[in-house]
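Undergrad: my_file.txt is reproduced in full below (compact mmCIF, C-alpha atoms and all ligand atoms).
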```txt
# COMPACT_ATOMS: atom_id res chain seq x y z
CA MET A 1 22.01 152.04 296.77
CA ILE A 2 22.63 149.86 299.80
CA LYS A 3 25.03 151.30 302.36
CA LEU A 4 26.96 149.16 304.83
CA SER A 5 27.77 150.29 308.36
CA PRO A 6 29.98 147.70 310.11
CA SER A 7 29.57 147.74 313.88
CA LEU A 8 32.80 148.31 315.77
CA LEU A 9 31.36 146.38 318.73
CA ALA A 10 32.38 143.12 317.05
CA SER A 11 35.95 144.22 316.33
CA ASP A 12 39.13 143.45 318.24
CA PHE A 13 39.23 146.34 320.75
CA SER A 14 42.98 145.95 321.19
CA GLN A 15 43.41 146.85 317.49
CA LEU A 16 40.78 149.54 316.94
CA LYS A 17 42.74 151.72 314.50
CA ASN A 18 43.67 148.73 312.33
CA GLU A 19 40.16 147.30 312.47
CA VAL A 20 38.70 150.56 311.17
CA ALA A 21 41.36 150.81 308.44
CA LYS A 22 40.52 147.27 307.37
CA ILE A 23 36.86 148.04 306.70
CA GLU A 24 37.61 151.46 305.21
CA ASN A 25 40.07 149.96 302.70
CA ALA A 26 37.56 147.26 301.84
CA GLY A 27 35.01 149.85 300.70
CA SER A 28 32.74 150.23 303.70
CA ASP A 29 30.48 153.32 303.62
CA MET A 30 30.18 154.04 307.31
CA LEU A 31 31.34 152.97 310.74
CA HIS A 32 28.62 152.07 313.27
CA LEU A 33 29.57 153.03 316.83
CA ASP A 34 27.40 151.49 319.57
CA VAL A 35 27.36 153.56 322.75
CA MET A 36 25.79 151.79 325.75
CA ASP A 37 25.34 153.25 329.22
CA GLY A 38 24.47 150.25 331.39
CA ASN A 39 21.10 151.88 332.07
CA PHE A 40 19.06 152.05 328.87
CA VAL A 41 20.57 148.67 327.97
CA PRO A 42 22.15 146.11 330.32
CA ASN A 43 25.64 146.54 328.89
CA ILE A 44 28.41 149.16 328.76
CA SER A 45 30.52 149.64 325.63
CA PHE A 46 32.55 152.79 324.94
CA GLY A 47 32.04 156.55 324.62
CA MET A 48 33.49 159.81 323.40
CA PRO A 49 37.23 159.21 323.95
CA VAL A 50 37.18 156.14 321.71
CA ILE A 51 35.20 157.95 319.01
CA SER A 52 37.40 161.05 319.01
CA SER A 53 40.57 158.93 318.90
CA LEU A 54 39.33 157.03 315.85
CA ARG A 55 38.10 160.20 314.15
CA LYS A 56 41.72 161.23 313.53
CA HIS A 57 42.37 158.06 311.59
CA SER A 58 39.30 157.66 309.41
CA ASN A 59 37.24 159.45 306.80
CA LEU A 60 34.29 157.06 307.12
CA ILE A 61 30.88 158.43 308.01
CA PHE A 62 30.68 157.96 311.79
CA ASP A 63 27.23 156.52 312.50
CA VAL A 64 26.80 156.77 316.27
CA HIS A 65 24.05 154.65 317.82
CA LEU A 66 23.25 155.94 321.28
CA MET A 67 21.71 153.37 323.61
CA ILE A 68 21.65 155.76 326.55
CA THR A 69 18.97 157.18 328.82
CA ASP A 70 18.06 160.84 328.31
CA PRO A 71 20.40 161.35 325.33
CA ILE A 72 19.86 165.12 325.00
CA ARG A 73 22.43 165.60 327.79
CA TYR A 74 25.22 164.29 325.59
CA ILE A 75 24.38 165.25 322.00
CA GLU A 76 26.76 168.20 321.86
CA ARG A 77 29.64 166.09 323.23
CA PHE A 78 29.06 163.36 320.64
CA ALA A 79 28.88 165.97 317.90
CA GLU A 80 32.20 167.44 319.05
CA CYS A 81 33.96 164.09 319.12
CA GLY A 82 33.29 163.42 315.45
CA ALA A 83 29.88 161.83 314.92
CA ASP A 84 28.30 162.49 311.52
CA ILE A 85 24.97 160.80 312.23
CA ILE A 86 23.62 160.57 315.77
CA THR A 87 20.84 158.06 316.36
CA PHE A 88 19.01 157.87 319.67
CA HIS A 89 16.19 155.63 320.91
CA TYR A 90 12.54 156.65 320.87
CA GLU A 91 12.20 154.79 324.20
CA SER A 92 15.09 156.62 325.88
CA CYS A 93 13.42 160.01 326.42
CA ASN A 94 10.12 161.87 326.61
CA ASP A 95 10.66 164.65 324.10
CA GLN A 96 12.08 163.04 320.96
CA MET A 97 11.57 166.15 318.84
CA ALA A 98 13.80 168.13 321.20
CA VAL A 99 16.57 165.56 320.75
CA ILE A 100 16.29 165.75 316.96
CA ASP A 101 16.40 169.56 317.15
CA GLU A 102 19.49 169.39 319.35
CA ILE A 103 21.28 167.04 316.91
CA LYS A 104 20.47 169.39 314.04
CA ARG A 105 21.53 172.43 316.05
CA CYS A 106 24.91 170.73 316.37
CA GLY A 107 25.03 170.38 312.58
CA LYS A 108 24.68 166.60 312.48
CA LYS A 109 22.28 164.16 310.85
CA ALA A 110 19.60 162.84 313.20
CA GLY A 111 18.46 159.24 313.46
CA ILE A 112 15.70 157.80 315.64
CA ALA A 113 15.56 154.12 316.61
CA ILE A 114 12.92 151.71 317.88
CA LYS A 115 13.37 148.46 319.79
CA PRO A 116 11.77 145.31 318.34
CA SER A 117 8.73 145.58 320.62
CA THR A 118 7.97 149.24 319.90
CA PRO A 119 5.29 149.66 317.21
CA ALA A 120 6.46 151.44 314.07
CA PHE A 121 3.52 153.91 314.11
CA VAL A 122 5.16 155.86 316.95
CA LEU A 123 7.69 157.07 314.37
CA GLU A 124 5.04 158.80 312.25
CA PRO A 125 5.75 162.36 313.59
CA PHE A 126 9.46 161.99 312.83
CA ILE A 127 9.21 160.86 309.23
CA GLY A 128 10.45 163.70 307.06
CA VAL A 129 12.02 165.28 310.17
CA ALA A 130 14.70 162.71 311.09
CA ASP A 131 17.33 161.90 308.46
CA MET A 132 17.36 158.22 309.35
CA ILE A 133 15.04 155.69 310.99
CA LEU A 134 16.66 152.69 312.68
CA VAL A 135 14.55 149.59 313.18
CA MET A 136 16.37 147.30 315.61
CA THR A 137 16.25 143.72 314.38
CA VAL A 138 17.44 142.38 317.76
CA GLU A 139 16.98 143.59 321.33
CA PRO A 140 19.64 146.32 321.75
CA GLY A 141 22.53 145.69 324.12
CA PHE A 142 24.59 142.89 322.64
CA GLY A 143 26.18 141.92 319.36
CA GLY A 144 26.03 138.42 317.94
CA GLN A 145 22.29 137.79 318.34
CA LYS A 146 19.86 136.32 315.81
CA LEU A 147 17.59 138.56 313.73
CA ILE A 148 13.98 138.64 315.00
CA PRO A 149 11.89 138.03 311.82
CA ASP A 150 8.85 139.99 313.15
CA THR A 151 10.88 143.21 313.05
CA LEU A 152 10.88 143.08 309.25
CA SER A 153 7.24 144.12 309.16
CA SER A 154 8.20 147.27 311.09
CA VAL A 155 10.83 147.95 308.43
CA ASN A 156 8.13 147.61 305.82
CA GLN A 157 5.74 149.92 307.70
CA VAL A 158 8.44 152.57 307.97
CA TYR A 159 9.23 152.17 304.27
CA ASN A 160 5.57 152.67 303.35
CA ALA A 161 5.28 155.73 305.56
CA VAL A 162 8.43 157.21 304.01
CA GLN A 163 7.08 156.56 300.49
CA LEU A 164 3.72 158.05 301.38
CA LYS A 165 5.36 161.26 302.57
CA GLY A 166 7.61 161.36 299.50
CA VAL A 167 10.74 161.93 301.57
CA SER A 168 14.19 160.37 301.18
CA THR A 169 14.77 159.14 304.73
CA ASP A 170 17.37 156.41 305.19
CA ILE A 171 16.05 153.21 306.74
CA GLN A 172 18.61 151.31 308.80
CA VAL A 173 18.46 147.81 310.26
CA ASP A 174 20.73 146.66 313.07
CA GLY A 175 21.23 143.29 314.70
CA GLY A 176 21.80 139.79 313.37
CA ILE A 177 22.20 140.98 309.77
CA THR A 178 24.23 138.56 307.63
CA PRO A 179 24.99 138.29 303.89
CA GLU A 180 22.42 135.47 303.84
CA ASN A 181 19.47 137.30 305.42
CA ALA A 182 20.24 140.91 304.42
CA HIS A 183 18.08 140.61 301.30
CA LEU A 184 15.00 140.22 303.55
CA ALA A 185 15.68 143.61 305.14
CA VAL A 186 16.36 145.17 301.74
CA GLU A 187 13.17 143.70 300.26
CA ASN A 188 11.25 145.31 303.11
CA GLY A 189 12.76 148.72 302.40
CA ALA A 190 16.01 149.00 304.37
CA ASN A 191 18.89 150.78 302.62
CA VAL A 192 21.47 151.00 305.43
CA LEU A 193 22.68 147.70 306.85
CA VAL A 194 24.53 147.46 310.16
CA ALA A 195 26.56 144.29 310.59
CA GLY A 196 28.93 143.50 313.45
CA SER A 197 29.80 139.82 313.72
CA ALA A 198 29.12 139.18 310.03
CA VAL A 199 31.84 141.68 309.08
CA PHE A 200 34.43 141.77 311.87
CA GLY A 201 33.93 138.10 312.73
CA ALA A 202 34.37 136.95 309.13
CA ALA A 203 37.50 135.03 308.19
CA ASP A 204 37.89 137.41 305.25
CA VAL A 205 36.55 140.85 306.19
CA ALA A 206 37.00 142.33 302.71
CA ALA A 207 35.13 139.43 301.12
CA ALA A 208 32.26 139.83 303.60
CA ILE A 209 31.98 143.54 302.79
CA LYS A 210 31.99 142.76 299.07
CA GLN A 211 29.19 140.25 299.60
CA PHE A 212 27.04 142.84 301.39
CA LYS A 213 27.80 145.50 298.78
CA SER A 214 26.73 143.22 295.94
CA LEU A 215 23.18 142.92 297.32
C1 LIG B 1 23.26 145.87 319.41
C2 LIG B 1 24.00 146.86 318.54
C3 LIG B 1 24.37 146.34 317.21
C4 LIG B 1 25.31 145.17 317.22
C5 LIG B 1 25.18 144.44 315.93
O1 LIG B 1 22.77 146.54 320.51
O2 LIG B 1 23.18 147.99 318.32
O3 LIG B 1 24.91 147.39 316.42
O4 LIG B 1 26.64 145.53 317.43
O5 LIG B 1 25.95 143.30 315.99
P1 LIG B 1 25.59 141.98 315.16
O6 LIG B 1 25.65 142.35 313.71
O7 LIG B 1 26.67 141.04 315.57
O8 LIG B 1 24.22 141.56 315.58
ZN ZN B 2 23.86 149.48 316.84
```
Starting from the coordinates I provided, produce the structure as structure tokens.

TA:
Amino acid sequence: MIKLSPSLLASDFSQLKNEVAKIENAGSDMLHLDVMDGNFVPNISFGMPVISSLRKHSNLIFDVHLMITDPIRYIERFAECGADIITFHYESCNDQMAVIDEIKRCGKKAGIAIKPSTPAFVLEPFIGVADMILVMTVEPGFGGQKLIPDTLSSVNQVYNAVQLKGVSTDIQVDGGITPENAHLAVENGANVLVAGSAVFGAADVAAAIKQFKSL
């Protein structure tokens, strides 16, 4: 089953509670929360206070995407503020296994992400260990970019590795995903779709969610 995780980054920040309610009522599975530190990526978004404030108003699965340097420092804080899944970047630290262990110690699901230019084989040791693999389909840092088609082969490589190990790891794609191109990601093995502009920027948010869910 395909799961949809709308990215809050594309919502109206002056209306956060209502924006989340809108996607929750329309049948969204998760809420994707992009945390950027101005160091790992050249942009700054939001952090724990925003996540904990929204937690009180939503039962969605909070899918937190950390684009921060040395994420192990903050895992416990993100766990406490209401994350259900915490995804960090392979490129953001030296000991990825320690970060996964820390996320699990905090009782949360662990995701590991790669940027478009990072080869998928680096993920091999984490398949069957992480709960989710995120293949970025754009350069992380900004919403509203176009999907980089080459990244789809990384999705496929991860899918094959997951099949080979016989594990049930979720495979997420993030960046430039639209109702028109989402089938390409799904055909290559993705089962969790992140979409920012294509959901929150749609004239009819509920209709956009329905379109994704019917894939
Ligand atoms: C980019 C973020 C994405 C982004 C997706 O760094 O990780 O989650 O918000 O936005 P769209 O769907 O507009 O590309
Ligand atoms: Zn993201």

Undergrad: Within 7 Å of Lys109 of chain A, counting all atoms listed in the file, which residues show up once you throw out same-chain ones fewer than 6 positions away? Write them as an MDAnalysis selection string, please.

TA: chainID A and resid 84:86 103 131

Undergrad: Rounded to one decimal in Å, what is the spacing between atom CA of Ser7 of chain A and atom CA of Val194 of chain A?

TA: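 Atom CA of Val194 of chain A lies at a distance of 6.3 Å from atom CA of Ser7 of chain A.
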
Undergrad: Set the cut-off to 9 Å, count all atoms listed in the file, and list whatever residues fall near ligand LIG 1 (chain B) as an NGL selection string.

TA: :A and (6-10 or 32-36 or 41 or 43 or 65-67 or 136-147 or 173-178 or 194-201)

Undergrad: Report the distance between atom CA of Ser28 of chain A and atom CA of Ser53 of chain A in Å, rounded to one decimal place.

TA: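 Taking atom CA of Ser28 of chain A and atom CA of Ser53 of chain A, their separation equals 19.2 Å.
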
Undergrad: Between atom CA of Ile68 of chain A and atom CA of Asp37 of chain A, what is the distance, to one decimal in Å?

TA: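 That distance, rounded to one decimal, is 5.2 Å.
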
Undergrad: From the list A:Leu152, A:Val167, A:Leu4, A:Met97, which residue is nearest Gln211 of chain A when using only C-alpha atoms?

TA: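 Nearest to Gln211 of chain A: A:Leu4.
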
Undergrad: Of the residues A:Ala185, A:Ile112, A:Cys93, A:Ile127, which is the one nearest to Ile148 of chain A, using all atoms listed in the file?

TA: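 For Ile148 of chain A, the nearest of the candidates is A:Ala185.
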
Undergrad: Taking all atoms listed in the file into account, which of A:Ser153, A:Ala208, A:Gln163, A:Leu16 comes nearest Leu184 of chain A?

TA: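 Of the candidates, the smallest distance to Leu184 of chain A is held by A:Ser153.
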
Undergrad: Write out as a list in words which residues come within 7 Å of Met30 of chain A when counting all atoms listed in the file, dropping same-chain ones fewer than 4 positions away.

TA: Leu4, Ser5, Pro6, Leu60, Ile61, Phe62 and Asp63 of chain A

Undergrad: Out of A:Ala130, A:His89, A:Val20, A:Asp95, which residue has the shortest atom-to-atom distance to Thr169 of chain A when counting all atoms listed in the file?

TA: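 Checking each candidate against Thr169 of chain A, we get A:Ala130 as the closest.
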
Undergrad: From the list A:Ser45, A:Asn59, A:Asn156, A:Ser214, which residue is nearest ligand ZN 2 (chain B) when using all atoms listed in the file?

TA: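 Under the stated criterion, the closest residue is A:Ser45.
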
Undergrad: Write out as a list of chain:residue names each polymer residue whose atoms come within 8 Å of Ile2 of chain A, counting only C-alpha atoms; drop sequence neighbours fewer than 6 positions from it.

TA: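 Residues near the query, excluding close chain neighbours: A:Asn191, A:Val192, A:Leu193, A:Lys213, A:Leu215.
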
Undergrad: Under the rule that all atoms listed in the file are counted, which of A:Arg73, A:Pro179, A:Val158, A:Gly189 is the nearest residue to Ala202 of chain A?

TA: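 Under the stated criterion, the closest residue is A:Pro179.
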
Undergrad: Using the file's own x, y and z axes, what box holds all listed atoms of segment 8-25 of chain A with 4 Å on each side, keeping edges along x, y and z, and what are its centre and edge lengths in Å to one decimal, as JSON?

TA:
```
{"center_x": 37.5, "center_y": 147.4, "center_z": 311.9, "size_x": 20.3, "size_y": 16.6, "size_z": 26.5}
```

Undergrad: List as a list in words the protein and nucleic acid residues near Leu134 of chain A, meaning an atom at most 7 Å away when all atoms listed in the file are counted, but skip any in the same chain fewer than 6 places from it.

TA: Gly111, Ile112, Ala113, Ile114, Ile171, Gln172 and Val173 of chain A

Undergrad: Could you add whatever atoms are missing so that segment 82-93 of chain A carries N, CA, C and O atoms, then write the result as a PDB file, in the coordinates of the input?

TA:
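That gives us part.pdb:
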```pdb
ATOM      1  N   GLY A  82      33.129 163.879 316.828  1.00  0.00           N
ATOM      2  CA  GLY A  82      33.290 163.420 315.450  1.00  0.00           C
ATOM      3  C   GLY A  82      32.171 162.599 314.852  1.00  0.00           C
ATOM      4  O   GLY A  82      32.330 162.024 313.783  1.00  0.00           O
ATOM      5  N   ALA A  83      31.017 162.552 315.505  1.00  0.00           N
ATOM      6  CA  ALA A  83      29.880 161.830 314.920  1.00  0.00           C
ATOM      7  C   ALA A  83      29.373 162.590 313.695  1.00  0.00           C
ATOM      8  O   ALA A  83      29.392 163.826 313.674  1.00  0.00           O
ATOM      9  N   ASP A  84      28.948 161.858 312.680  1.00  0.00           N
ATOM     10  CA  ASP A  84      28.300 162.490 311.520  1.00  0.00           C
ATOM     11  C   ASP A  84      26.783 162.296 311.607  1.00  0.00           C
ATOM     12  O   ASP A  84      26.016 163.194 311.285  1.00  0.00           O
ATOM     13  N   ILE A  85      26.386 161.105 312.015  1.00  0.00           N
ATOM     14  CA  ILE A  85      24.970 160.800 312.230  1.00  0.00           C
ATOM     15  C   ILE A  85      24.833 160.398 313.703  1.00  0.00           C
ATOM     16  O   ILE A  85      25.628 159.587 314.194  1.00  0.00           O
ATOM     17  N   ILE A  86      23.860 160.970 314.375  1.00  0.00           N
ATOM     18  CA  ILE A  86      23.620 160.570 315.770  1.00  0.00           C
ATOM     19  C   ILE A  86      22.208 160.002 315.849  1.00  0.00           C
ATOM     20  O   ILE A  86      21.225 160.691 315.562  1.00  0.00           O
ATOM     21  N   THR A  87      22.133 158.733 316.219  1.00  0.00           N
ATOM     22  CA  THR A  87      20.840 158.060 316.360  1.00  0.00           C
ATOM     23  C   THR A  87      20.581 157.784 317.828  1.00  0.00           C
ATOM     24  O   THR A  87      21.452 157.284 318.541  1.00  0.00           O
ATOM     25  N   PHE A  88      19.388 158.127 318.275  1.00  0.00           N
ATOM     26  CA  PHE A  88      19.010 157.870 319.670  1.00  0.00           C
ATOM     27  C   PHE A  88      17.730 157.027 319.660  1.00  0.00           C
ATOM     28  O   PHE A  88      17.072 156.884 318.621  1.00  0.00           O
ATOM     29  N   HIS A  89      17.368 156.486 320.833  1.00  0.00           N
ATOM     30  CA  HIS A  89      16.190 155.630 320.910  1.00  0.00           C
ATOM     31  C   HIS A  89      14.921 156.395 321.290  1.00  0.00           C
ATOM     32  O   HIS A  89      14.927 157.169 322.247  1.00  0.00           O
ATOM     33  N   TYR A  90      13.866 156.122 320.553  1.00  0.00           N
ATOM     34  CA  TYR A  90      12.540 156.650 320.870  1.00  0.00           C
ATOM     35  C   TYR A  90      12.208 156.394 322.343  1.00  0.00           C
ATOM     36  O   TYR A  90      11.662 157.251 323.031  1.00  0.00           O
ATOM     37  N   GLU A  91      12.574 155.200 322.841  1.00  0.00           N
ATOM     38  CA  GLU A  91      12.200 154.790 324.200  1.00  0.00           C
ATOM     39  C   GLU A  91      13.061 155.427 325.289  1.00  0.00           C
ATOM     40  O   GLU A  91      12.803 155.231 326.473  1.00  0.00           O
ATOM     41  N   SER A  92      14.109 156.161 324.895  1.00  0.00           N
ATOM     42  CA  SER A  92      15.090 156.620 325.880  1.00  0.00           C
ATOM     43  C   SER A  92      14.789 158.006 326.464  1.00  0.00           C
ATOM     44  O   SER A  92      15.538 158.501 327.289  1.00  0.00           O
ATOM     45  N   CYS A  93      13.692 158.643 325.977  1.00  0.00           N
ATOM     46  CA  CYS A  93      13.420 160.010 326.420  1.00  0.00           C
ATOM     47  C   CYS A  93      11.937 160.337 326.225  1.00  0.00           C
ATOM     48  O   CYS A  93      11.210 159.564 325.589  1.00  0.00           O
TER      49      CYS A  93
END
```
